[in-house]
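structure_11.csv, holding CSV, C-alpha atoms and all ligand atoms:
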chain,number,residue,atom,x,y,z
A,1,MET,CA,-40.0,-16.5,64.4
A,2,GLN,CA,-43.2,-15.8,62.4
A,3,ALA,CA,-43.2,-15.8,58.6
A,4,LYS,CA,-46.0,-14.7,56.3
A,5,LEU,CA,-46.9,-15.7,52.8
A,6,LEU,CA,-49.1,-13.2,50.9
A,7,LEU,CA,-50.7,-14.1,47.6
A,8,GLU,CA,-51.6,-11.7,44.8
A,9,ASP,CA,-55.3,-12.5,45.4
A,10,GLY,CA,-55.0,-11.1,49.0
A,11,THR,CA,-54.8,-14.5,50.8
A,12,LEU,CA,-52.5,-14.4,53.8
A,13,PHE,CA,-50.9,-17.4,55.4
A,14,VAL,CA,-49.1,-17.0,58.8
A,15,GLY,CA,-46.6,-19.7,59.8
A,16,LYS,CA,-43.2,-20.3,61.2
A,17,SER,CA,-40.0,-19.1,59.6
A,18,PHE,CA,-37.0,-21.4,58.8
A,19,GLY,CA,-34.0,-20.7,56.5
A,20,ALA,CA,-33.2,-17.0,55.8
A,21,GLU,CA,-35.0,-13.9,57.0
A,22,GLY,CA,-36.2,-10.9,55.0
A,23,ASN,CA,-38.5,-10.6,52.0
A,24,SER,CA,-38.8,-12.5,48.8
A,25,VAL,CA,-41.2,-12.2,45.8
A,26,GLY,CA,-41.7,-15.1,43.4
A,27,GLU,CA,-44.3,-17.1,41.5
A,28,VAL,CA,-45.9,-19.5,43.9
A,29,VAL,CA,-46.1,-23.1,42.5
A,30,PHE,CA,-46.5,-26.6,44.0
A,31,ASN,CA,-44.7,-29.8,43.6
A,32,THR,CA,-46.4,-33.1,44.5
A,33,GLY,CA,-43.3,-35.3,45.0
A,34,ILE,CA,-43.2,-37.4,48.2
A,35,THR,CA,-39.4,-37.3,48.3
A,36,GLY,CA,-36.8,-35.4,46.3
A,37,TYR,CA,-37.1,-32.0,48.0
A,38,GLN,CA,-33.3,-31.4,47.7
A,39,GLU,CA,-33.4,-32.1,43.9
A,40,VAL,CA,-36.4,-29.9,43.6
A,41,LEU,CA,-34.9,-26.9,45.4
A,42,SER,CA,-31.6,-27.2,43.5
A,43,ASP,CA,-33.3,-27.6,40.0
A,44,PRO,CA,-32.4,-24.4,38.2
A,45,SER,CA,-35.8,-24.6,36.3
A,46,TYR,CA,-37.4,-23.2,39.5
A,47,CYS,CA,-35.4,-20.0,39.4
A,48,GLY,CA,-37.6,-17.1,40.7
A,49,GLN,CA,-40.3,-19.4,42.0
A,50,ILE,CA,-41.6,-20.0,45.6
A,51,VAL,CA,-42.0,-23.7,45.7
A,52,THR,CA,-44.7,-25.4,47.9
A,53,MET,CA,-44.2,-29.1,48.7
A,54,THR,CA,-47.6,-30.8,48.9
A,55,TYR,CA,-46.1,-33.8,50.8
A,56,PRO,CA,-46.6,-32.8,54.5
A,57,LEU,CA,-43.2,-33.7,56.0
A,58,ILE,CA,-40.1,-32.1,54.5
A,59,GLY,CA,-36.5,-32.1,55.8
A,60,ASN,CA,-36.6,-35.5,57.5
A,61,TYR,CA,-33.7,-37.1,55.5
A,62,GLY,CA,-31.6,-33.9,55.5
A,63,ILE,CA,-29.3,-32.7,52.7
A,64,THR,CA,-26.5,-34.6,51.0
A,65,ARG,CA,-23.8,-33.0,49.0
A,66,ASP,CA,-24.0,-35.6,46.2
A,67,ASP,CA,-27.7,-35.0,45.5
A,68,PHE,CA,-27.6,-31.4,44.3
A,69,GLU,CA,-28.9,-30.8,40.8
A,70,SER,CA,-26.9,-27.6,40.4
A,71,ILE,CA,-24.2,-25.7,42.2
A,72,ARG,CA,-26.7,-23.7,44.2
A,73,PRO,CA,-30.5,-23.3,44.6
A,74,PHE,CA,-32.1,-20.5,42.6
A,75,ILE,CA,-35.6,-20.8,44.1
A,76,HIS,CA,-37.1,-17.7,45.8
A,77,GLY,CA,-38.8,-19.4,48.7
A,78,PHE,CA,-39.8,-22.8,50.1
A,79,VAL,CA,-43.2,-23.6,51.6
A,80,VAL,CA,-43.9,-26.7,53.7
A,81,ARG,CA,-46.5,-28.1,56.1
A,82,GLN,CA,-44.1,-29.6,58.6
A,83,HIS,CA,-40.3,-28.8,58.6
A,84,GLU,CA,-38.2,-31.5,60.3
A,85,GLU,CA,-35.2,-29.9,62.0
A,86,SER,CA,-33.5,-33.2,63.0
A,87,PRO,CA,-32.9,-35.3,60.0
A,88,SER,CA,-32.3,-39.0,60.3
A,89,ASN,CA,-30.3,-40.5,57.4
A,90,TRP,CA,-26.7,-41.8,57.3
A,91,ARG,CA,-26.0,-39.8,54.1
A,92,SER,CA,-27.2,-36.5,55.5
A,93,GLN,CA,-24.6,-33.8,55.8
A,94,PHE,CA,-26.6,-30.7,56.5
A,95,THR,CA,-30.1,-29.7,57.5
A,96,LEU,CA,-32.6,-28.1,55.2
A,97,ASP,CA,-32.6,-25.1,57.4
A,98,TYR,CA,-28.8,-24.7,57.2
A,99,LEU,CA,-28.9,-25.0,53.4
A,100,LEU,CA,-31.6,-22.3,53.0
A,101,LYS,CA,-29.8,-19.9,55.4
A,102,GLU,CA,-26.5,-20.4,53.6
A,103,TYR,CA,-28.1,-19.3,50.3
A,104,GLY,CA,-30.4,-16.6,51.7
A,105,ILE,CA,-33.6,-18.5,50.8
A,106,LEU,CA,-36.7,-17.9,53.0
A,107,GLY,CA,-38.8,-20.9,54.2
A,108,ILE,CA,-42.2,-21.0,55.8
A,109,SER,CA,-43.7,-24.0,57.7
A,110,ASP,CA,-46.9,-24.8,59.6
A,111,ILE,CA,-49.3,-23.4,57.1
A,112,ASP,CA,-52.1,-25.2,55.4
A,113,THR,CA,-50.3,-26.3,52.2
A,114,ARG,CA,-53.4,-28.2,51.1
A,115,MET,CA,-55.5,-25.1,51.0
A,116,LEU,CA,-52.7,-23.2,49.3
A,117,THR,CA,-52.4,-25.9,46.6
A,118,ARG,CA,-56.2,-25.9,46.0
A,119,LYS,CA,-56.1,-22.1,45.6
A,120,ILE,CA,-53.3,-22.3,43.0
A,121,ARG,CA,-55.2,-25.1,41.2
A,122,GLN,CA,-58.4,-22.9,41.1
A,123,HIS,CA,-56.9,-19.6,40.3
A,124,GLY,CA,-53.7,-20.6,38.5
A,125,VAL,CA,-50.1,-19.8,39.7
A,126,MET,CA,-49.8,-16.4,41.4
A,127,LYS,CA,-47.2,-14.0,42.5
A,128,GLY,CA,-46.5,-14.2,46.2
A,129,LEU,CA,-44.4,-12.5,48.9
A,130,LEU,CA,-42.7,-14.3,51.7
A,131,SER,CA,-41.7,-12.1,54.6
A,132,THR,CA,-40.3,-12.5,58.1
A,133,GLU,CA,-40.6,-8.7,58.8
A,134,ASP,CA,-43.0,-7.3,61.3
A,135,CYS,CA,-45.2,-5.5,58.8
A,136,SER,CA,-48.9,-4.8,58.4
A,137,VAL,CA,-50.9,-6.5,55.7
A,138,GLU,CA,-51.0,-3.2,53.9
A,139,GLU,CA,-47.3,-2.9,53.9
A,140,LEU,CA,-46.9,-6.4,52.7
A,141,LYS,CA,-49.3,-5.7,49.8
A,142,GLN,CA,-47.2,-2.7,48.8
A,143,MET,CA,-44.1,-4.8,48.8
A,144,LEU,CA,-45.8,-7.5,46.7
A,145,ASN,CA,-47.0,-5.0,44.2
A,146,LYS,CA,-43.7,-3.1,43.9
A,147,ASP,CA,-41.7,-6.2,42.7
A,148,ASN,CA,-42.3,-7.8,39.4
A,149,LEU,CA,-41.8,-11.5,38.7
A,150,MET,CA,-38.4,-12.3,37.4
A,151,THR,CA,-37.9,-12.6,33.6
A,152,ASP,CA,-35.0,-13.8,31.5
A,153,GLN,CA,-34.0,-16.3,34.2
A,154,VAL,CA,-31.9,-18.5,31.7
A,155,SER,CA,-29.1,-15.9,31.6
A,156,ARG,CA,-28.9,-16.0,35.4
A,157,VAL,CA,-28.6,-19.7,35.8
A,158,SER,CA,-26.6,-20.8,32.6
A,159,THR,CA,-22.9,-21.4,32.8
A,160,LYS,CA,-20.7,-18.5,31.8
A,161,ASN,CA,-17.9,-20.8,30.6
A,162,VAL,CA,-17.6,-23.9,28.5
A,163,PHE,CA,-16.7,-27.0,30.6
A,164,SER,CA,-16.5,-30.7,29.9
A,165,ALA,CA,-17.2,-34.1,31.4
A,166,PRO,CA,-14.8,-36.1,29.3
A,167,GLY,CA,-15.7,-39.5,27.8
A,168,SER,CA,-14.6,-41.7,24.9
A,169,ASN,CA,-17.9,-42.2,23.2
A,170,GLU,CA,-20.1,-39.6,21.2
A,171,ARG,CA,-19.3,-36.0,21.8
A,172,ILE,CA,-22.5,-34.3,23.0
A,173,VAL,CA,-22.7,-30.5,23.2
A,174,LEU,CA,-25.1,-29.8,26.1
A,175,VAL,CA,-26.6,-26.3,25.7
A,176,ASP,CA,-27.0,-25.2,29.3
A,177,TYR,CA,-30.3,-23.2,29.8
A,178,GLY,CA,-30.2,-24.3,33.5
A,179,ALA,CA,-29.2,-27.9,33.1
A,180,LYS,CA,-29.8,-30.3,35.9
A,181,SER,CA,-26.6,-32.3,36.8
A,182,GLY,CA,-28.7,-35.5,36.2
A,183,ILE,CA,-28.5,-34.9,32.4
A,184,VAL,CA,-24.7,-34.8,32.5
A,185,ARG,CA,-24.7,-37.9,34.8
A,186,ASP,CA,-26.9,-39.8,32.3
A,187,LEU,CA,-24.7,-38.9,29.4
A,188,SER,CA,-21.5,-39.7,31.3
A,189,LYS,CA,-22.9,-43.1,32.3
A,190,ARG,CA,-23.1,-43.9,28.6
A,191,GLY,CA,-19.5,-42.9,28.1
A,192,CYS,CA,-20.3,-39.7,26.2
A,193,ASP,CA,-17.8,-36.8,25.9
A,194,VAL,CA,-20.0,-34.0,27.3
A,195,VAL,CA,-19.2,-30.4,26.5
A,196,VAL,CA,-21.4,-27.9,28.4
A,197,VAL,CA,-21.8,-24.6,26.7
A,198,PRO,CA,-23.6,-21.3,27.7
A,199,HIS,CA,-27.2,-20.6,26.6
A,200,ASP,CA,-26.1,-18.0,24.1
A,201,THR,CA,-23.6,-20.1,22.2
A,202,THR,CA,-24.1,-19.6,18.5
A,203,ALA,CA,-24.4,-22.3,15.8
A,204,ASP,CA,-20.9,-21.5,14.5
A,205,GLU,CA,-19.4,-21.8,18.0
A,206,ILE,CA,-21.1,-25.2,18.4
A,207,ARG,CA,-19.9,-26.4,14.9
A,208,ARG,CA,-16.3,-25.6,16.1
A,209,LEU,CA,-16.7,-28.1,18.9
A,210,SER,CA,-17.5,-30.8,16.3
A,211,PRO,CA,-20.3,-32.5,18.2
A,212,ASP,CA,-21.9,-35.8,17.3
A,213,GLY,CA,-25.1,-34.6,18.8
A,214,ILE,CA,-26.7,-31.6,20.6
A,215,LEU,CA,-28.7,-31.8,23.8
A,216,LEU,CA,-30.9,-28.8,24.6
A,217,SER,CA,-31.3,-28.7,28.4
A,218,ASN,CA,-34.2,-27.9,30.8
A,219,GLY,CA,-34.3,-24.4,32.1
A,220,PRO,CA,-36.4,-21.7,33.9
A,221,GLY,CA,-38.9,-19.2,32.7
A,222,ASP,CA,-40.7,-18.5,29.4
A,223,PRO,CA,-39.2,-20.2,26.4
A,224,LYS,CA,-40.0,-16.9,24.5
A,225,ASP,CA,-37.3,-15.2,26.6
A,226,VAL,CA,-34.7,-17.3,24.7
A,227,PRO,CA,-34.9,-16.2,21.0
A,228,HIS,CA,-31.2,-16.8,20.5
A,229,GLY,CA,-31.7,-20.5,21.4
A,230,VAL,CA,-34.5,-20.7,18.8
A,231,LYS,CA,-32.2,-19.2,16.1
A,232,MET,CA,-29.3,-21.6,17.0
A,233,ILE,CA,-31.6,-24.6,16.7
A,234,GLN,CA,-32.9,-23.4,13.3
A,235,ASP,CA,-29.3,-23.1,12.1
A,236,LEU,CA,-28.3,-26.6,13.2
A,237,LEU,CA,-31.4,-28.6,12.6
A,238,GLY,CA,-30.6,-31.4,10.1
A,239,GLU,CA,-26.9,-30.8,10.5
A,240,TYR,CA,-26.6,-32.6,13.8
A,241,PRO,CA,-28.9,-34.9,15.8
A,242,ILE,CA,-30.8,-32.9,18.4
A,243,PHE,CA,-32.6,-34.0,21.7
A,244,GLY,CA,-34.5,-31.4,23.7
A,245,ILE,CA,-35.6,-31.8,27.4
A,246,CYS,CA,-38.3,-29.6,28.9
A,247,LEU,CA,-37.3,-26.0,28.1
A,248,GLY,CA,-35.1,-27.6,25.3
A,249,HIS,CA,-38.3,-29.3,24.0
A,250,GLN,CA,-40.2,-25.9,24.0
A,251,LEU,CA,-37.3,-24.2,22.2
A,252,PHE,CA,-37.2,-27.0,19.6
A,253,ALA,CA,-40.9,-26.6,19.1
A,254,LEU,CA,-40.6,-22.8,18.6
A,255,SER,CA,-37.7,-23.3,16.2
A,256,CYS,CA,-39.9,-25.5,14.0
A,257,GLY,CA,-42.7,-22.9,13.9
A,258,ALA,CA,-45.0,-24.2,16.7
A,259,ASP,CA,-46.0,-22.0,19.6
A,260,THR,CA,-45.9,-22.3,23.4
A,261,GLU,CA,-48.4,-21.1,26.0
A,262,LYS,CA,-48.6,-20.9,29.8
A,263,LEU,CA,-50.4,-23.7,31.7
A,264,LYS,CA,-52.8,-22.6,34.5
A,265,PHE,CA,-50.8,-24.3,37.3
A,266,GLY,CA,-48.2,-26.5,35.5
A,267,HIS,CA,-47.0,-30.0,36.1
A,268,ARG,CA,-44.6,-30.5,38.9
A,269,GLY,CA,-44.1,-33.8,40.5
A,270,GLY,CA,-42.8,-37.4,40.1
A,271,ASN,CA,-45.9,-39.3,38.9
A,272,HIS,CA,-47.2,-37.7,35.7
A,273,PRO,CA,-48.6,-40.3,33.3
A,274,VAL,CA,-47.4,-39.9,29.8
A,275,LYS,CA,-48.6,-41.9,26.8
A,276,ASP,CA,-46.2,-42.8,24.0
A,277,LEU,CA,-48.5,-42.6,21.0
A,278,GLU,CA,-46.3,-44.8,18.8
A,279,SER,CA,-46.1,-47.8,21.2
A,280,GLY,CA,-49.2,-47.2,23.2
A,281,ARG,CA,-47.3,-47.6,26.4
A,282,CYS,CA,-47.7,-45.3,29.4
A,283,TYR,CA,-44.8,-44.1,31.4
A,284,ILE,CA,-44.8,-42.5,34.8
A,285,THR,CA,-42.6,-39.4,34.5
A,286,SER,CA,-40.9,-36.7,36.5
A,287,GLN,CA,-42.1,-33.2,35.5
A,288,ASN,CA,-41.5,-29.6,36.3
A,289,HIS,CA,-42.9,-27.1,33.8
A,290,GLY,CA,-45.3,-24.2,33.6
A,291,TYR,CA,-45.4,-23.8,29.8
A,292,THR,CA,-46.5,-26.2,27.1
A,293,VAL,CA,-46.4,-26.5,23.3
A,294,ASN,CA,-49.8,-25.4,21.9
A,295,GLU,CA,-51.4,-28.4,20.2
A,296,ASP,CA,-53.0,-26.5,17.3
A,297,SER,CA,-49.8,-24.7,16.5
A,298,VAL,CA,-48.1,-28.0,15.7
A,299,LYS,CA,-50.4,-28.6,12.8
A,300,GLY,CA,-48.8,-27.4,9.6
A,301,THR,CA,-45.3,-27.8,10.9
A,302,GLU,CA,-42.9,-30.7,10.2
A,303,LEU,CA,-43.3,-31.9,13.8
A,304,VAL,CA,-45.1,-35.1,14.9
A,305,VAL,CA,-46.6,-35.4,18.4
A,306,THR,CA,-45.1,-38.6,19.9
A,307,HIS,CA,-46.3,-38.3,23.6
A,308,ILE,CA,-49.2,-36.8,25.4
A,309,ASN,CA,-50.0,-36.3,29.1
A,310,ASN,CA,-52.7,-38.7,30.2
A,311,ASN,CA,-54.2,-36.2,32.7
A,312,ASP,CA,-54.7,-33.1,30.6
A,313,LYS,CA,-53.8,-34.4,27.1
A,314,THR,CA,-51.1,-31.7,26.6
A,315,ILE,CA,-48.1,-32.4,24.4
A,316,GLU,CA,-45.3,-34.3,26.1
A,317,GLY,CA,-43.1,-35.3,23.2
A,318,LEU,CA,-42.3,-34.3,19.6
A,319,ARG,CA,-40.2,-35.6,16.7
A,320,HIS,CA,-39.2,-34.0,13.5
A,321,SER,CA,-40.6,-35.8,10.5
A,322,LYS,CA,-37.6,-35.1,8.2
A,323,HIS,CA,-34.6,-34.5,10.5
A,324,ALA,CA,-32.9,-36.4,13.3
A,325,ALA,CA,-34.4,-34.5,16.2
A,326,PHE,CA,-36.9,-35.2,19.0
A,327,SER,CA,-37.8,-33.8,22.4
A,328,VAL,CA,-39.8,-34.4,25.6
A,329,GLN,CA,-41.5,-32.1,28.0
A,330,TYR,CA,-40.6,-34.3,31.0
A,331,HIS,CA,-37.4,-35.4,32.6
A,332,PRO,CA,-35.7,-38.6,31.5
A,333,GLU,CA,-32.9,-37.8,34.0
A,334,ALA,CA,-35.5,-38.1,36.8
A,335,ALA,CA,-33.7,-36.6,39.9
A,336,PRO,CA,-36.2,-36.6,41.5
A,337,GLY,CA,-38.6,-39.2,40.2
A,338,PRO,CA,-38.9,-42.5,38.3
A,339,PHE,CA,-36.1,-43.7,35.9
A,340,ASP,CA,-38.6,-45.2,33.5
A,341,SER,CA,-37.7,-42.8,30.7
A,342,SER,CA,-33.9,-43.0,30.9
A,343,TYR,CA,-34.0,-45.1,27.8
A,344,LEU,CA,-34.5,-41.8,25.9
A,345,PHE,CA,-30.8,-41.1,26.4
A,346,ASP,CA,-30.1,-44.5,24.7
A,347,ASP,CA,-32.5,-43.6,21.9
A,348,PHE,CA,-30.6,-40.3,21.4
A,349,ILE,CA,-27.3,-42.2,21.1
A,350,LYS,CA,-28.9,-44.7,18.7
A,351,MET,CA,-30.2,-41.8,16.6
A,352,ILE,CA,-26.6,-40.3,16.5
A,353,ARG,CA,-25.2,-43.7,15.3
A,354,GLU,CA,-27.9,-44.0,12.7
A,355,PHE,CA,-27.3,-40.5,11.5
A,356,LYS,CA,-23.5,-41.2,11.2
A,357,LYS,CA,-24.3,-44.2,9.0
A,358,GLN,CA,-26.6,-42.2,6.8
A,359,HIS,CA,-24.1,-39.2,6.6
A,360,PRO,CA,-20.7,-40.8,6.3
A,361,GLU,CA,-19.5,-37.6,4.8
A,362,ALA,CA,-20.2,-35.7,8.0
A,363,PRO,CA,-16.8,-34.5,9.2
A,364,ARG,CA,-15.4,-36.3,12.2
A,365,GLN,CA,-13.4,-34.5,14.8
A,366,SER,CA,-10.0,-35.7,13.6
A,367,GLN,CA,-10.8,-34.9,10.0
A,368,MET,CA,-12.0,-31.5,11.0
A,369,LEU,CA,-8.8,-30.8,12.9
A,370,ALA,CA,-6.7,-32.0,9.9
A,371,ALA,CA,-8.7,-29.8,7.6
A,372,TRP,CA,-8.4,-26.8,9.9
A,373,GLN,CA,-4.6,-27.4,10.2
A,374,ALA,CA,-4.2,-27.7,6.4
A,375,ASN,CA,-6.0,-24.4,5.9
A,376,ASN,CA,-4.1,-22.6,8.6
A,377,LYS,CA,-0.6,-23.7,8.4
A,378,THR,CA,2.2,-21.2,7.6
A,379,GLN,CA,5.9,-21.8,7.1
A,380,THR,CA,8.6,-19.8,8.8
A,381,ALA,CA,11.9,-18.8,7.1
A,382,LYS,CA,13.5,-21.9,8.7
A,383,GLY,CA,10.8,-24.1,7.0
A,384,GLU,CA,9.1,-25.1,10.3
A,385,LEU,CA,5.3,-25.5,10.2
A,386,HIS,CA,3.2,-23.3,12.4
A,387,TYR,CA,-0.5,-23.3,12.8
A,388,ALA,CA,-2.2,-19.9,12.8
A,389,GLN,CA,-3.9,-19.2,16.1
A,390,LYS,CA,-7.6,-18.7,16.0
A,401,LIG,N1,-37.9,-27.8,33.6
A,401,LIG,C1,-38.0,-27.0,32.6
A,401,LIG,O1,-37.1,-27.0,31.7
A,401,LIG,C2,-39.1,-26.0,32.6
A,401,LIG,C3,-39.3,-25.3,31.3
A,401,LIG,C4,-40.1,-24.0,31.4
A,401,LIG,N2,-39.3,-23.1,32.2
A,401,LIG,C5,-41.5,-24.2,31.9
A,401,LIG,O2,-41.7,-23.9,33.1
A,401,LIG,O3,-42.3,-24.7,31.2
Can the structure from this file be put into structure tokens for me?
Amino acid sequence: MQAKLLLEDGTLFVGKSFGAEGNSVGEVVFNTGITGYQEVLSDPSYCGQIVTMTYPLIGNYGITRDDFESIRPFIHGFVVRQHEESPSNWRSQFTLDYLLKEYGILGISDIDTRMLTRKIRQHGVMKGLLSTEDCSVEELKQMLNKDNLMTDQVSRVSTKNVFSAPGSNERIVLVDYGAKSGIVRDLSKRGCDVVVVPHDTTADEIRRLSPDGILLSNGPGDPKDVPHGVKMIQDLLGEYPIFGICLGHQLFALSCGADTEKLKFGHRGGNHPVKDLESGRCYITSQNHGYTVNEDSVKGTELVVTHINNNDKTIEGLRHSKHAAFSVQYHPEAAPGPFDSSYLFDDFIKMIREFKKQHPEAPRQSQMLAAWQANNKTQTAKGELHYAQK
């Protein structure tokens, strides 16, 4: 079956359909990873976007249940040069085509993805329509203009309920703005007691979970769509150690008075060079973002720029000069991409331990529970102790 991709600037690509049928509008972006298509399409940060893979052969190693980065894909379309229908890999459980059909996601293959990528690089990311319907170009244009790009994606992808990945080390409250599973995996590997909370959890609700540290996750869309996150960070900054990843980094920057802006075509891939300004070392990083922290806006705040992108010199890392808090624009959890930056999770745990030494008065979980029980106990006529229910 034929599929078409129409861009906002009028460019039309005609190719072959795979995955679901119908129509889908999204922001057309490109990812330069050679492998990792399954992690890319299940990364919630791509919610609402039509993702083009620049590597020409996609689907060749299939889909494996263990490699999902979230419970379902949230992308609005998948664009490839060559779609392989018969994967060859002992771990493969499904085909890419099966996965996309299952979740109602349209795919298009056999188009010139190199030309599409060059167009996006020249004009910037654009709205696009994927369609398998037998429509004229005029009709496609009308459909494209009728639909707006999705906003407020965080509320669509964040968990609705609190859940945990228990561990015996530090308790980390992971604020889920669209968190990749890789973040939970990296914390669990280090024995952390991970409590995942919805994006709109307030500072008080987080305090009640008595965390040792707070991790602000990655997530889709414009950080300015998440003002409640900014408020929560402002409330808790200095009270708990904080680590922000990608959207979490942008929210941390906004909460400290810096500003964010949209990049022309973003950074999406597994080989973005980032320079650590403090050590002078360069790391090859996994990235997926369309926004960035504006450099000038950092001046006059209490933030220090710790990392920059070697390609375009944009900000890649920040640290608070007074409080225990830092953030990176890239993905230390990799998935997909290099593991070079996974040491940042160790740095976060070191920061928490250091913070505890410096703040021995900070209430521990057991002390908090005892204090809460002391304040809430009541006696029955028989003299039994009861604890008031919250
Ligand atoms: N991966 C992310 O967290 C992306 C952050 C934000 N949505 C951006 O595109 O810049």
Nearby residues, ligand LIG 401 (chain A), 10 Å, all atoms listed in the file, as a PyMOL selection string: chain A and resi 43-47+153-154+177-180+216-225+244-251+260-263+266-268+286-293+328-331
Contact residues around Val194 of chain A with all atoms listed in the file at 8 Å, ignoring same-chain residues under 4 positions, as a PyMOL selection string: chain A and resi 164-167+171-174+184+187-188
With C-alpha atoms kept, could you save the residues just selected as a PDB file, in the frame of the given file?
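Contents of out_31.pdb, as written:
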ATOM      1  CA  SER A 164     -16.500 -30.700  29.900  1.00  0.00           C
ATOM      2  CA  ALA A 165     -17.200 -34.100  31.400  1.00  0.00           C
ATOM      3  CA  PRO A 166     -14.800 -36.100  29.300  1.00  0.00           C
ATOM      4  CA  GLY A 167     -15.700 -39.500  27.800  1.00  0.00           C
ATOM      5  CA  ARG A 171     -19.300 -36.000  21.800  1.00  0.00           C
ATOM      6  CA  ILE A 172     -22.500 -34.300  23.000  1.00  0.00           C
ATOM      7  CA  VAL A 173     -22.700 -30.500  23.200  1.00  0.00           C
ATOM      8  CA  LEU A 174     -25.100 -29.800  26.100  1.00  0.00           C
ATOM      9  CA  VAL A 184     -24.700 -34.800  32.500  1.00  0.00           C
ATOM     10  CA  LEU A 187     -24.700 -38.900  29.400  1.00  0.00           C
ATOM     11  CA  SER A 188     -21.500 -39.700  31.300  1.00  0.00           C
TER      12      SER A 188
END
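Counting from atom CA of Ser109 of chain A, the distance to atom CA of Phe18 of chain A is 7.3 Å.
For the pair atom CA of Glu354 of chain A and atom CA of Ile242 of chain A, the separation is 12.8 Å.
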Gap from atom CA of Val157 of chain A to atom CA of Tyr343 of chain A - Å, one decimal: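 Spanning atom CA of Val157 of chain A to atom CA of Tyr343 of chain A is a straight-line distance of 27.2 Å.
The nearest approach to Ala258 of chain A among the residues A:Lys146, A:Lys322, A:Arg156, A:Lys299, with all atoms listed in the file taken into account, belongs to A:Lys299.
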Close residues, Ser24 of chain A itself excluded, 12 Å, only C-alpha atoms, min 5 positions apart in chain, as a PyMOL selection string: chain A and resi 3-6+48-50+75-78+104-108+127-133+140+143-144+146-150
Nearby residues (only C-alpha atoms) at most 9 Å from Gln122 of chain A, same-chain spacing under 3 positions excluded, as a list of chain:residue names: A:Thr117, A:Arg118, A:Lys119, A:Val125, A:Lys264, A:Phe265
Save the residues we just selected, C-alpha atoms, as a CSV table (one decimal), keeping the file's coordinate frame?
chain,number,residue,atom,x,y,z
A,117,THR,CA,-52.4,-25.9,46.6
A,118,ARG,CA,-56.2,-25.9,46.0
A,119,LYS,CA,-56.1,-22.1,45.6
A,125,VAL,CA,-50.1,-19.8,39.7
A,264,LYS,CA,-52.8,-22.6,34.5
A,265,PHE,CA,-50.8,-24.3,37.3
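The shortest atom-to-atom distance to Asp66 of chain A, with all atoms listed in the file taken into account, belongs to A:Ala335 out of A:Ser136, A:Leu100, A:Leu215, A:Ala335.
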Distance criterion (all atoms listed in the file): nearest to Leu99 of chain A out of A:Val14, A:Ile63, A:Met351, A:Val196: A:Ile63
